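In what follows, a structure is listed as structure tokens, so that the remarks can point back to it.
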Amino acid sequence: MTATLPLWVTIPGTVLLVLAGLTTLIGSFGLLRLPDFFSRMHGPSMTNTLAAGATLVSSMLVSSAIAERPIIHELLITLFVSVSAPITGIMLLQAALYRNKARRSDDVSAEGNST
Amino acid sequence: MSAVFGYALWFAQACIAIAMLNGIVRMYIGPAAQDRVLAFDSIYMNGMLMLLTLGMSSMSTAYFDMALLIALFGFVGTVALAKFLLRGEVIEP
């Protein structure tokens, strides 16, 4: 299956794939274990930046070795992910802040009514 | 050396699968709606990485287009859900 890949692809490809796997695993456990939403946001951003970048560079190396010419299509995904991940983070953060504030003011008004 | 690359592909796929399972658990137990949207974001990014590793292991270029489409539509879906959480409707009049 991977018998035809040259050595300059397999060594950096292996290192980048192991790095991407470990980063994805650590980020997902952060998503699962951290206590509140604002600290949980930091976990998947590791996946969005380092793991996606490492996997895309590794995929670029492998497809360039298969086609025997430089293939840089994966830069499209890299560009798109690096542009879209901060936008997603900012919008989710605004939504969480708004919803926390709305819930807190609801609690305060409910306590004010009860007392 | 190529066998080591195959093991690295297997390792990365196993890590991404465990990450997707963690995202599913967070989507199930998530205390608020924004946690579920964050879990959805994480799951589609892991699915994109899984498709890229599948494309590397099968040495085909068809997986790249699927990964690009998943990145595009996942971003649109997450932005729409976050906008819905923020405003109550997606497209404001």
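Here's how to read the names in the structure tokens: chain A, B, ... by the order shown, residue numbers from 1 in each chain, ligand numbers from 1 in the order shown.
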For Ser39 of chain A, please output as a ChimeraX atom specification all residues within 12 Å (counting only C-alpha atoms; exclusion window: fewer than 3 positions along the same chain). /A:27,30-36,42-45,93,96 /B:35,38
Residues at most 12 Å from Asp65 of chain B, counting only C-alpha atoms, excluding those fewer than 5 positions away in the same chain, as number ranges by chain? A: 73-74, 76-77; B: 48, 51-52, 55, 60, 70-72
Just write the chosen residues, N, CA and C atoms, as a JSON list (two decimals), in the first residue's frame.
```json
[["chain", "number", "residue", "atom", "x", "y", "z"],
["A", 73, "HIS", "N", -3.08, 21.80, -3.29],
["A", 73, "HIS", "CA", -4.52, 21.99, -3.11],
["A", 73, "HIS", "C", -4.90, 22.11, -1.64],
["A", 74, "GLU", "N", -4.16, 21.41, -0.76],
["A", 74, "GLU", "CA", -4.52, 21.39, 0.65],
["A", 74, "GLU", "C", -4.37, 22.75, 1.30],
["A", 76, "LEU", "N", -5.77, 25.29, 0.36],
["A", 76, "LEU", "CA", -7.14, 25.83, 0.37],
["A", 76, "LEU", "C", -7.82, 25.54, 1.71],
["A", 77, "ILE", "N", -7.74, 24.26, 2.14],
["A", 77, "ILE", "CA", -8.39, 23.89, 3.40],
["A", 77, "ILE", "C", -7.69, 24.59, 4.55],
["B", 48, "MET", "N", -13.36, 15.97, 9.24],
["B", 48, "MET", "CA", -12.52, 16.43, 8.13],
["B", 48, "MET", "C", -11.13, 15.82, 8.21],
["B", 51, "LEU", "N", -11.29, 12.20, 7.17],
["B", 51, "LEU", "CA", -11.34, 12.02, 5.71],
["B", 51, "LEU", "C", -9.96, 12.23, 5.10],
["B", 52, "LEU", "N", -9.18, 13.20, 5.61],
["B", 52, "LEU", "CA", -7.84, 13.42, 5.06],
["B", 52, "LEU", "C", -6.93, 12.22, 5.31],
["B", 55, "GLY", "N", -7.90, 9.51, 2.97],
["B", 55, "GLY", "CA", -7.37, 9.78, 1.64],
["B", 55, "GLY", "C", -5.89, 9.46, 1.54],
["B", 60, "SER", "N", -5.91, 8.16, -2.67],
["B", 60, "SER", "CA", -6.84, 8.68, -3.66],
["B", 60, "SER", "C", -7.04, 10.17, -3.42],
["B", 70, "ILE", "N", -16.81, 19.51, 3.69],
["B", 70, "ILE", "CA", -17.18, 19.40, 5.10],
["B", 70, "ILE", "C", -16.72, 20.64, 5.86],
["B", 71, "ALA", "N", -15.52, 21.15, 5.55],
["B", 71, "ALA", "CA", -15.05, 22.37, 6.21],
["B", 71, "ALA", "C", -15.97, 23.55, 5.90],
["B", 72, "LEU", "N", -16.39, 23.66, 4.64],
["B", 72, "LEU", "CA", -17.28, 24.77, 4.24],
["B", 72, "LEU", "C", -18.62, 24.71, 4.94]]
```
Show me, as a PyMOL selection string, every residue of chain B with an atom at most 8 Å from chain A, counting only C-alpha atoms. chain B and resi 1-6+8-9+11-16+18-20+22-23+25-26+34-35+38-39+42+45-46+49+52-53+56-59+61+64+67-68+71-72+75+78-79+82-83+85-86
Would you mind exporting the chosen residues as a tab-separated table (two decimals), in the first residue's frame, restricted to N, CA and C atoms?
```tsv
chain	number	residue	atom	x	y	z
B	1	MET	N	10.25	1.36	6.52
B	1	MET	CA	9.86	2.72	6.83
B	1	MET	C	8.41	2.98	6.46
B	2	SER	N	7.97	2.36	5.35
B	2	SER	CA	6.58	2.55	4.94
B	2	SER	C	5.62	1.91	5.93
B	3	ALA	N	6.08	0.81	6.55
B	3	ALA	CA	5.24	0.18	7.57
B	3	ALA	C	5.04	1.13	8.74
B	4	VAL	N	6.09	1.89	9.08
B	4	VAL	CA	5.96	2.85	10.18
B	4	VAL	C	4.95	3.93	9.81
B	5	PHE	N	4.96	4.34	8.54
B	5	PHE	CA	3.97	5.34	8.10
B	5	PHE	C	2.55	4.79	8.19
B	6	GLY	N	2.38	3.48	7.87
B	6	GLY	CA	1.06	2.87	8.02
B	6	GLY	C	0.62	2.83	9.46
B	8	ALA	N	1.56	4.96	11.73
B	8	ALA	CA	1.25	6.34	12.12
B	8	ALA	C	-0.14	6.73	11.64
B	9	LEU	N	-0.50	6.29	10.42
B	9	LEU	CA	-1.86	6.55	9.91
B	9	LEU	C	-2.90	5.89	10.81
B	11	PHE	N	-2.57	5.09	13.96
B	11	PHE	CA	-2.59	5.80	15.25
B	11	PHE	C	-3.40	7.09	15.15
B	12	ALA	N	-3.17	7.84	14.07
B	12	ALA	CA	-3.90	9.11	13.92
B	12	ALA	C	-5.39	8.85	13.76
B	13	GLN	N	-5.76	7.80	13.01
B	13	GLN	CA	-7.18	7.50	12.84
B	13	GLN	C	-7.82	7.07	14.15
B	14	ALA	N	-7.08	6.28	14.96
B	14	ALA	CA	-7.63	5.86	16.26
B	14	ALA	C	-7.82	7.06	17.17
B	15	CYS	N	-6.83	7.99	17.18
B	15	CYS	CA	-6.95	9.18	18.03
B	15	CYS	C	-8.13	10.03	17.60
B	16	ILE	N	-8.32	10.17	16.28
B	16	ILE	CA	-9.42	11.01	15.80
B	16	ILE	C	-10.76	10.35	16.12
B	18	ILE	N	-11.38	8.42	18.75
B	18	ILE	CA	-11.63	8.65	20.18
B	18	ILE	C	-12.07	10.08	20.41
B	19	ALA	N	-11.48	11.03	19.65
B	19	ALA	CA	-11.87	12.43	19.80
B	19	ALA	C	-13.31	12.64	19.38
B	20	MET	N	-13.75	11.95	18.30
B	20	MET	CA	-15.15	12.08	17.89
B	20	MET	C	-16.09	11.49	18.93
B	22	ASN	N	-15.49	11.42	22.17
B	22	ASN	CA	-15.56	12.42	23.24
B	22	ASN	C	-16.48	13.57	22.87
B	23	GLY	N	-16.45	13.99	21.60
B	23	GLY	CA	-17.36	15.05	21.17
B	23	GLY	C	-18.81	14.62	21.25
B	25	VAL	N	-20.02	12.42	23.38
B	25	VAL	CA	-20.40	12.41	24.80
B	25	VAL	C	-20.68	13.83	25.29
B	26	ARG	N	-19.85	14.80	24.86
B	26	ARG	CA	-20.07	16.18	25.28
B	26	ARG	C	-21.36	16.72	24.69
B	34	GLN	N	-24.83	26.04	24.04
B	34	GLN	CA	-23.57	26.41	23.39
B	34	GLN	C	-22.52	25.31	23.52
B	35	ASP	N	-22.62	24.47	24.56
B	35	ASP	CA	-21.72	23.32	24.65
B	35	ASP	C	-21.99	22.33	23.53
B	38	LEU	N	-20.54	23.72	20.35
B	38	LEU	CA	-19.08	23.56	20.36
B	38	LEU	C	-18.70	22.12	20.07
B	39	ALA	N	-19.47	21.15	20.61
B	39	ALA	CA	-19.21	19.74	20.33
B	39	ALA	C	-19.44	19.43	18.86
B	42	SER	N	-16.43	20.66	16.99
B	42	SER	CA	-15.31	19.74	17.16
B	42	SER	C	-15.51	18.47	16.34
B	45	MET	N	-14.84	19.07	12.59
B	45	MET	CA	-13.41	19.22	12.31
B	45	MET	C	-12.69	17.88	12.38
B	46	ASN	N	-13.09	17.03	13.35
B	46	ASN	CA	-12.48	15.69	13.43
B	46	ASN	C	-12.88	14.84	12.23
B	49	LEU	N	-10.56	15.79	9.43
B	49	LEU	CA	-9.23	15.19	9.59
B	49	LEU	C	-9.28	13.69	9.28
B	52	LEU	N	-9.18	13.20	5.61
B	52	LEU	CA	-7.84	13.42	5.06
B	52	LEU	C	-6.93	12.22	5.31
B	53	THR	N	-7.02	11.63	6.52
B	53	THR	CA	-6.19	10.45	6.78
B	53	THR	C	-6.65	9.25	5.95
B	56	MET	N	-5.14	9.68	2.64
B	56	MET	CA	-3.73	9.31	2.62
B	56	MET	C	-3.54	7.81	2.61
B	57	SER	N	-4.39	7.08	3.36
B	57	SER	CA	-4.18	5.64	3.43
B	57	SER	C	-4.64	4.95	2.16
B	58	SER	N	-5.62	5.53	1.43
B	58	SER	CA	-6.06	4.88	0.20
B	58	SER	C	-5.41	5.49	-1.02
B	59	MET	N	-4.58	6.53	-0.84
B	59	MET	CA	-3.84	7.17	-1.92
B	59	MET	C	-4.76	7.63	-3.04
B	61	THR	N	-7.38	10.91	-4.45
B	61	THR	CA	-7.56	12.36	-4.31
B	61	THR	C	-9.03	12.75	-4.17
B	64	PHE	N	-10.17	14.59	-0.82
B	64	PHE	CA	-9.84	16.00	-0.57
B	64	PHE	C	-11.05	16.90	-0.79
B	67	ALA	N	-13.39	16.63	2.07
B	67	ALA	CA	-12.90	17.35	3.25
B	67	ALA	C	-13.14	18.85	3.10
B	68	LEU	N	-12.92	19.37	1.90
B	68	LEU	CA	-13.15	20.80	1.67
B	68	LEU	C	-14.62	21.16	1.86
B	71	ALA	N	-15.52	21.15	5.55
B	71	ALA	CA	-15.05	22.37	6.21
B	71	ALA	C	-15.97	23.55	5.90
B	72	LEU	N	-16.39	23.66	4.64
B	72	LEU	CA	-17.28	24.77	4.24
B	72	LEU	C	-18.62	24.71	4.94
B	75	PHE	N	-18.63	25.09	8.77
B	75	PHE	CA	-18.50	26.49	9.20
B	75	PHE	C	-19.84	27.22	9.08
B	78	THR	N	-22.15	26.01	11.91
B	78	THR	CA	-21.81	26.52	13.24
B	78	THR	C	-22.15	27.99	13.37
B	79	VAL	N	-21.88	28.78	12.32
B	79	VAL	CA	-22.20	30.20	12.39
B	79	VAL	C	-23.71	30.41	12.49
B	82	ALA	N	-24.74	29.52	16.08
B	82	ALA	CA	-24.33	30.54	17.04
B	82	ALA	C	-25.17	31.79	16.90
B	83	LYS	N	-25.51	32.15	15.66
B	83	LYS	CA	-26.37	33.31	15.43
B	83	LYS	C	-27.76	33.07	16.01
B	85	LEU	N	-28.41	31.14	18.60
B	85	LEU	CA	-28.31	31.24	20.05
B	85	LEU	C	-28.22	32.69	20.49
B	86	LEU	N	-27.60	33.53	19.65
B	86	LEU	CA	-27.39	34.92	20.06
B	86	LEU	C	-28.64	35.75	19.88
```
Please indicate the distance in Å from atom CA of Ala62 of chain B to atom CA of Trp10 of chain B, rounded to one decimal place.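 Atom CA of Trp10 of chain B lies at a distance of 19.7 Å from atom CA of Ala62 of chain B.
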As an exercise, work out the distance from atom CA of Gly30 of chain B to atom CA of Leu81 of chain B in Å and give it to one decimal place. 15.3 Å
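When atom CA of Met46 of chain A is paired with atom CA of Ile72 of chain A, their separation reads 23.0 Å.
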